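Participant: One structure, pasted below without further comment.
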Amino acid sequence: MEIEIIKPGLLTTVQDFGRTGYQKLGISPSGALDRKAMILANLLVANPAGEAVFEITLMGPELRFTADNFVAVTGGDLSPVLNGAPMPRYAAIPVKDGDVLSFGPAKSGCRAYLAFAGGLELPVVMGSKSTNLKCGFGGCGGRKLQTGDVIAFASPKKELPFFPLRTLEAPSFGGETALRVILGPQEDAFTEGGIRTFFEETYQVTPRFDRMGCALDGPVVECRDKADIISDGIPAGAVQIPSSGKPIIMLADRQTTGGYTKIGTVASVDLPLLAQCRPGDSVRFQRISVGEAQKLLRKETKKLRKLNRYLNE
């Protein structure tokens, strides 16, 4: 009852909600960059929202199944193909012993998420199955998937309740992305003109975009003095402004502390949008308050819980 990796793809790792409580030890949280896509994939196959999935970047893997089960692919459109035929995204799909799932060119978005009904049989390290590439633990040996890897299903399913209902509308990605940002904590380190530039100008995603962070190119954000500060904690979505004046948005595999000024933090509900951007895509920032960000998160959480009740209760 296994998944055999025929081809690993560009960067395929195991991710879940990540680790909490270990940043004080210098350990990054890890976890899915597009948490919403991960949650939806899991709900479609009747898993807990935080069950481990494959996070697939740009060029997907080729897999062979050795047991019957159900899978779901969400996130970016990386052209999934089952046994040579296009496979629907955002739907629970039955797979049989001997079936082969592969991916073609990325049509939109950057990262796809592949969930398996019943989850994956992998060790839990510090409360998570997520791969931490820098520390070398979690997931499949603490690394990206490789040809020849074999991962077992934890509890494969031969049927799912309400199977015909397990399909959702697939989103599209691309064009200009608006990211809502809470100003601070070092907003006083920037001139009024620098803050105005940050919120009024357009930035481009550069090739320096990985699980640690996303470096942007565009107009310089002006500091009052220096970009360096005494190192402090870095939350997910923190927007650092180094000496170049170009923003860097910190993500799941970020360092736990950093010494660059942070002009703001991207609202958590918008981080999935950034995760689906590709080099060359445009990004703009929109200022919101902490209260507004919390309201957005509550609204999205409520929608996902409602969907879970509809599909699984």
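Going through the structure tokens in order, the chains are called A, B, and so on, while each chain numbers its residues from 1 and the ligands are numbered from 1 in the order shown.
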Counting only C-alpha atoms, which residues in region 191-304 of chain A sit no more than 12 Å from region 113-129 of chain A? For each one, give the nearest pair of atoms and the distance in Å, sorted by chain then residue number, as CSV.
Facilitator:
residue,atom,partner,partner_atom,distance
A:Pro272,CA,A:Tyr113,CA,11.9
A:Ala275,CA,A:Tyr113,CA,11.6
A:Gln276,CA,A:Tyr113,CA,11.3
Participant: Could the residues in this selection be saved with N, CA and C atoms as a short mmCIF file (atom, residue, chain, number, x, y, z; two decimals), in the first residue's frame?
Facilitator:
data_model
loop_
_atom_site.label_atom_id
_atom_site.label_comp_id
_atom_site.auth_asym_id
_atom_site.auth_seq_id
_atom_site.Cartn_x
_atom_site.Cartn_y
_atom_site.Cartn_z
N PRO A 272 -1.20 32.52 0.89
CA PRO A 272 -1.42 31.56 -0.21
C PRO A 272 -1.36 32.21 -1.59
N ALA A 275 2.21 32.49 -2.48
CA ALA A 275 2.78 31.17 -2.74
C ALA A 275 2.56 30.73 -4.17
N GLN A 276 1.52 31.27 -4.83
CA GLN A 276 1.21 30.87 -6.20
C GLN A 276 1.80 31.83 -7.24
#
Participant: What lies within 10 Å of region 83-89 of chain A using only C-alpha atoms, ignoring chain neighbours under 2 positions off, as number ranges by chain?
Facilitator: A: 41, 64, 72-81, 91-93, 95, 98-104, 112-114, 167-171
Participant: Go through region 239-311 of chain A and flag each residue having an atom no more than 10 Å from region 221-226 of chain A; for those, report the closest pair of atoms plus their distance in Å to one decimal, using only C-alpha atoms, ordered by chain and rising number, as a tab-separated table.
Facilitator:
residue	atom	partner	partner_atom	distance
A:Ile241	CA	A:Val221	CA	7.4
A:Pro242	CA	A:Lys226	CA	8.9
A:Ser243	CA	A:Lys226	CA	7.3
A:Ser244	CA	A:Val221	CA	8.6
A:Gly245	CA	A:Val221	CA	4.9
A:Lys246	CA	A:Val221	CA	6.5
A:Pro247	CA	A:Val221	CA	7.8
A:Tyr260	CA	A:Lys226	CA	9.0
A:Thr261	CA	A:Lys226	CA	8.5
A:Ile263	CA	A:Val221	CA	9.3
Participant: Would you export the selected residues with all heavy atoms as a PDB file, in the first residue's frame, please?
Facilitator:
ATOM      1  N   ILE A 241      13.142  44.919   4.822  1.00  0.00           N
ATOM      2  CA  ILE A 241      13.742  45.841   3.860  1.00  0.00           C
ATOM      3  C   ILE A 241      15.239  45.893   4.154  1.00  0.00           C
ATOM      4  O   ILE A 241      15.674  46.571   5.081  1.00  0.00           O
ATOM      5  CB  ILE A 241      13.132  47.253   3.950  1.00  0.00           C
ATOM      6  CG1 ILE A 241      11.610  47.210   3.850  1.00  0.00           C
ATOM      7  CG2 ILE A 241      13.735  48.137   2.853  1.00  0.00           C
ATOM      8  CD1 ILE A 241      11.072  46.771   2.507  1.00  0.00           C
ATOM      9  N   PRO A 242      16.055  45.168   3.410  1.00  0.00           N
ATOM     10  CA  PRO A 242      17.503  45.191   3.630  1.00  0.00           C
ATOM     11  C   PRO A 242      18.111  46.478   3.077  1.00  0.00           C
ATOM     12  O   PRO A 242      17.403  47.392   2.643  1.00  0.00           O
ATOM     13  CB  PRO A 242      17.984  43.956   2.865  1.00  0.00           C
ATOM     14  CG  PRO A 242      16.988  43.804   1.764  1.00  0.00           C
ATOM     15  CD  PRO A 242      15.662  44.257   2.322  1.00  0.00           C
ATOM     16  N   SER A 243      19.426  46.540   3.058  1.00  0.00           N
ATOM     17  CA  SER A 243      20.106  47.763   2.636  1.00  0.00           C
ATOM     18  C   SER A 243      19.827  48.114   1.175  1.00  0.00           C
ATOM     19  O   SER A 243      19.951  49.282   0.787  1.00  0.00           O
ATOM     20  CB  SER A 243      21.615  47.617   2.853  1.00  0.00           C
ATOM     21  OG  SER A 243      22.112  46.475   2.163  1.00  0.00           O
ATOM     22  N   SER A 244      19.445  47.162   0.361  1.00  0.00           N
ATOM     23  CA  SER A 244      19.107  47.431  -1.041  1.00  0.00           C
ATOM     24  C   SER A 244      17.819  48.235  -1.177  1.00  0.00           C
ATOM     25  O   SER A 244      17.558  48.819  -2.228  1.00  0.00           O
ATOM     26  CB  SER A 244      18.961  46.113  -1.806  1.00  0.00           C
ATOM     27  OG  SER A 244      17.818  45.399  -1.342  1.00  0.00           O
ATOM     28  N   GLY A 245      16.984  48.223  -0.134  1.00  0.00           N
ATOM     29  CA  GLY A 245      15.703  48.915  -0.194  1.00  0.00           C
ATOM     30  C   GLY A 245      14.615  48.123  -0.893  1.00  0.00           C
ATOM     31  O   GLY A 245      13.495  48.620  -1.063  1.00  0.00           O
ATOM     32  N   LYS A 246      14.907  46.880  -1.299  1.00  0.00           N
ATOM     33  CA  LYS A 246      13.936  46.038  -2.004  1.00  0.00           C
ATOM     34  C   LYS A 246      13.323  45.032  -1.026  1.00  0.00           C
ATOM     35  O   LYS A 246      14.052  44.332  -0.315  1.00  0.00           O
ATOM     36  CB  LYS A 246      14.614  45.295  -3.154  1.00  0.00           C
ATOM     37  CG  LYS A 246      15.425  46.186  -4.097  1.00  0.00           C
ATOM     38  CD  LYS A 246      14.547  47.151  -4.885  1.00  0.00           C
ATOM     39  CE  LYS A 246      15.367  48.009  -5.845  1.00  0.00           C
ATOM     40  NZ  LYS A 246      15.958  47.251  -6.957  1.00  0.00           N
ATOM     41  N   PRO A 247      12.007  44.902  -0.991  1.00  0.00           N
ATOM     42  CA  PRO A 247      11.346  44.039   0.002  1.00  0.00           C
ATOM     43  C   PRO A 247      11.664  42.556  -0.176  1.00  0.00           C
ATOM     44  O   PRO A 247      11.820  42.059  -1.294  1.00  0.00           O
ATOM     45  CB  PRO A 247       9.854  44.293  -0.245  1.00  0.00           C
ATOM     46  CG  PRO A 247       9.791  45.599  -0.975  1.00  0.00           C
ATOM     47  CD  PRO A 247      11.033  45.666  -1.794  1.00  0.00           C
ATOM     48  N   TYR A 260      17.197  42.800   9.855  1.00  0.00           N
ATOM     49  CA  TYR A 260      16.763  43.855   8.942  1.00  0.00           C
ATOM     50  C   TYR A 260      15.449  44.451   9.431  1.00  0.00           C
ATOM     51  O   TYR A 260      14.611  43.756  10.022  1.00  0.00           O
ATOM     52  CB  TYR A 260      16.559  43.322   7.523  1.00  0.00           C
ATOM     53  CG  TYR A 260      17.817  42.909   6.817  1.00  0.00           C
ATOM     54  CD1 TYR A 260      17.862  41.736   6.087  1.00  0.00           C
ATOM     55  CD2 TYR A 260      18.964  43.704   6.847  1.00  0.00           C
ATOM     56  CE1 TYR A 260      19.001  41.342   5.412  1.00  0.00           C
ATOM     57  CE2 TYR A 260      20.109  43.323   6.180  1.00  0.00           C
ATOM     58  CZ  TYR A 260      20.129  42.141   5.467  1.00  0.00           C
ATOM     59  OH  TYR A 260      21.272  41.767   4.806  1.00  0.00           O
ATOM     60  N   THR A 261      15.262  45.727   9.142  1.00  0.00           N
ATOM     61  CA  THR A 261      14.006  46.382   9.506  1.00  0.00           C
ATOM     62  C   THR A 261      12.834  45.733   8.771  1.00  0.00           C
ATOM     63  O   THR A 261      12.931  45.350   7.615  1.00  0.00           O
ATOM     64  CB  THR A 261      14.048  47.874   9.136  1.00  0.00           C
ATOM     65  OG1 THR A 261      14.493  48.001   7.779  1.00  0.00           O
ATOM     66  CG2 THR A 261      14.976  48.640  10.044  1.00  0.00           C
ATOM     67  N   ILE A 263       9.061  46.459   7.576  1.00  0.00           N
ATOM     68  CA  ILE A 263       8.098  47.532   7.351  1.00  0.00           C
ATOM     69  C   ILE A 263       6.665  47.085   7.605  1.00  0.00           C
ATOM     70  O   ILE A 263       5.782  47.898   7.885  1.00  0.00           O
ATOM     71  CB  ILE A 263       8.230  48.082   5.916  1.00  0.00           C
ATOM     72  CG1 ILE A 263       7.509  49.432   5.790  1.00  0.00           C
ATOM     73  CG2 ILE A 263       7.753  47.078   4.885  1.00  0.00           C
ATOM     74  CD1 ILE A 263       7.774  50.143   4.477  1.00  0.00           C
TER      75      ILE A 263
END
Participant: Go through A:Phe54, A:Phe70, A:Phe285, A:Tyr310 and flag the residue nearest Tyr203 (chain A), using only C-alpha atoms for the distances.
Facilitator: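 Counting only C-alpha atoms, the residue closest to Tyr203 (chain A) is A:Phe285.
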Participant: Using only C-alpha atoms, which residue out of A:Thr257, A:Thr191, A:Thr12, A:Gln240 lies closest to Gly139 (chain A)?
Facilitator: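 Of A:Thr257, A:Thr191, A:Thr12, A:Gln240, the one nearest Gly139 (chain A), counting only C-alpha atoms, is A:Thr12.
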Participant: Going by DSSP on the backbone, which residues of region 85-241 of chain A come out as helix (DSSP H, G or I)? List them as number ranges by chain.
Facilitator: A: 163-165, 187-189, 192-200
Participant: Per DSSP on the backbone, what are the strand (DSSP E) residues of region 175-305 of chain A, as a ChimeraX atom specification?
Facilitator: /A:176-183,203-209,213-217,228-233,238-241,248-250,257-266,282-288
Participant: Distance CA of Thr265 (chain A)-CA of Leu179 (chain A), one decimal place?
Facilitator: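 These atoms are spaced 9.8 Å apart.
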Participant: What is the distance between CA of Lys7 (chain A) and CA of Leu145 (chain A), in Å to one decimal?
Facilitator: 8.7 Å
Participant: Each residue of region 173-262 of chain A lying at most 12 Å from region 293-301 of chain A should get a row with its shortest atom-to-atom pair and the distance in Å to one decimal, counting only C-alpha atoms; could you produce that, ordered by chain and increasing number, as JSON lines?
Facilitator:
{"residue": "A:Leu179", "atom": "CA", "partner": "A:Ala293", "partner_atom": "CA", "distance": 11.3}
{"residue": "A:Arg180", "atom": "CA", "partner": "A:Ala293", "partner_atom": "CA", "distance": 8.1}
{"residue": "A:Val181", "atom": "CA", "partner": "A:Ala293", "partner_atom": "CA", "distance": 8.4}
{"residue": "A:Ile182", "atom": "CA", "partner": "A:Ala293", "partner_atom": "CA", "distance": 7.7}
{"residue": "A:Leu183", "atom": "CA", "partner": "A:Ala293", "partner_atom": "CA", "distance": 11.4}
Participant: Between A:Val14, A:Arg35, A:Val239, A:Pro8, which is the closest to Ser268 (chain A) once you count only C-alpha atoms?
Facilitator: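 Closest to Ser268 (chain A), using only C-alpha atoms: A:Arg35.
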Participant: To one decimal in Å, tell me the separation between CA of Ala154 (chain A) and CA of Phe137 (chain A).
Facilitator: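 So the answer is 19.3 Å.
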Participant: Which neighbours of Leu10 (chain A) fall inside 9 Å, counting only C-alpha atoms, when residues of the same chain fewer than 5 positions from it are skipped, and could you give them as a list in words?
Facilitator: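 In the requested form, the answer reads Ile56, Thr57, Leu58, Met59, Gly60, Pro61 and Lys144 of chain A.
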Participant: Please write the residues from the selection above to a file, keeping all heavy atoms, as a tab-separated table (two decimals), in the first residue's frame.
Facilitator:
chain	number	residue	atom	x	y	z
A	56	ILE	N	4.21	20.50	-4.34
A	56	ILE	CA	4.85	20.30	-5.64
A	56	ILE	C	5.11	21.67	-6.26
A	56	ILE	O	4.19	22.47	-6.40
A	56	ILE	CB	3.95	19.46	-6.55
A	56	ILE	CG1	3.66	18.10	-5.91
A	56	ILE	CG2	4.55	19.30	-7.93
A	56	ILE	CD1	2.48	17.37	-6.53
A	57	THR	N	6.35	21.95	-6.64
A	57	THR	CA	6.73	23.26	-7.15
A	57	THR	C	7.04	23.21	-8.64
A	57	THR	O	7.96	22.49	-9.07
A	57	THR	CB	7.95	23.80	-6.38
A	57	THR	OG1	7.66	23.82	-4.99
A	57	THR	CG2	8.29	25.21	-6.83
A	58	LEU	N	6.25	23.92	-9.42
A	58	LEU	CA	6.45	24.17	-10.86
A	58	LEU	C	6.49	22.91	-11.73
A	58	LEU	O	5.66	22.75	-12.62
A	58	LEU	CB	7.72	25.01	-11.09
A	58	LEU	CG	7.59	26.49	-10.74
A	58	LEU	CD1	8.93	27.20	-10.92
A	58	LEU	CD2	6.52	27.18	-11.59
A	59	MET	N	7.42	22.03	-11.54
A	59	MET	CA	7.52	20.79	-12.32
A	59	MET	C	7.23	19.62	-11.41
A	59	MET	O	7.98	19.36	-10.47
A	59	MET	CB	8.91	20.66	-12.94
A	59	MET	CG	9.25	21.72	-13.98
A	59	MET	SD	10.97	21.60	-14.53
A	59	MET	CE	11.04	19.91	-15.11
A	60	GLY	N	6.12	18.94	-11.68
A	60	GLY	CA	5.66	17.92	-10.76
A	60	GLY	C	6.31	16.57	-10.94
A	60	GLY	O	7.00	16.30	-11.94
A	61	PRO	N	6.08	15.67	-9.98
A	61	PRO	CA	6.66	14.33	-10.02
A	61	PRO	C	5.83	13.37	-10.86
A	61	PRO	O	4.75	13.71	-11.37
A	61	PRO	CB	6.61	13.91	-8.54
A	61	PRO	CG	5.35	14.58	-8.04
A	61	PRO	CD	5.29	15.91	-8.76
A	144	LYS	N	13.96	16.68	-0.17
A	144	LYS	CA	12.96	16.60	-1.22
A	144	LYS	C	12.88	15.16	-1.73
A	144	LYS	O	13.83	14.37	-1.55
A	144	LYS	CB	13.28	17.56	-2.36
A	144	LYS	CG	14.58	17.27	-3.10
A	144	LYS	CD	14.81	18.34	-4.17
A	144	LYS	CE	16.10	18.04	-4.95
A	144	LYS	NZ	16.32	19.06	-6.02
Participant: Find, counting only C-alpha atoms, the residue in A:Gln15, A:Ser30, A:Gln286, A:Thr177 that gets nearest to Phe199 (chain A).
Facilitator: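 Nearest candidate to Phe199 (chain A) out of A:Gln15, A:Ser30, A:Gln286, A:Thr177: A:Gln286.
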Participant: Pick out the closest residue to Glu2 (chain A) from this set: A:Gly31, A:Gly175, A:Pro156, A:Pro48. Count only C-alpha atoms.
Facilitator: A:Pro156
Participant: Using only C-alpha atoms, which residues sit within 8 Å of Glu200 (chain A) once same-chain residues fewer than 3 positions away are excluded, as an NGL selection string?
Facilitator: :A and (196-197 or 284-285)
Participant: Identify, on the basis of only C-alpha atoms, every residue whose closest approach to Gly259 (chain A) does not exceed 8 Å; exclude the query and any residue fewer than 6 positions from it along the same chain; express the result as JSON, numbers by chain.
Facilitator: {"A": [228, 229, 230, 231, 232]}
Participant: Could you tell me which of A:Pro279, A:Pro161, A:Pro219, A:Gly18 comes closest to Leu43 (chain A) if we count only C-alpha atoms?
Facilitator: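 Once distances to Leu43 (chain A) are computed over only C-alpha atoms, the minimum belongs to A:Pro161.
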Participant: Applying 7 Å and only C-alpha atoms, which residues near Asp68 (chain A) remain after dropping the ones on its own chain fewer than 4 positions away? List them as a list in words.
Facilitator: Val95, Lys96, Asp97 and Lys158 of chain A
Participant: For the residues selected in the previous step, produce a file with C-alpha atoms as a PDB file, in the first residue's frame.
Facilitator:
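Okay, this is what ended up in again-v1.pdb:
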ATOM      1  CA  VAL A  95      -6.753   5.679  -7.968  1.00  0.00           C
ATOM      2  CA  LYS A  96      -6.097   1.966  -8.384  1.00  0.00           C
ATOM      3  CA  ASP A  97      -3.142  -0.342  -7.859  1.00  0.00           C
ATOM      4  CA  LYS A 158     -11.795   2.239  -0.805  1.00  0.00           C
TER       5      LYS A 158
END
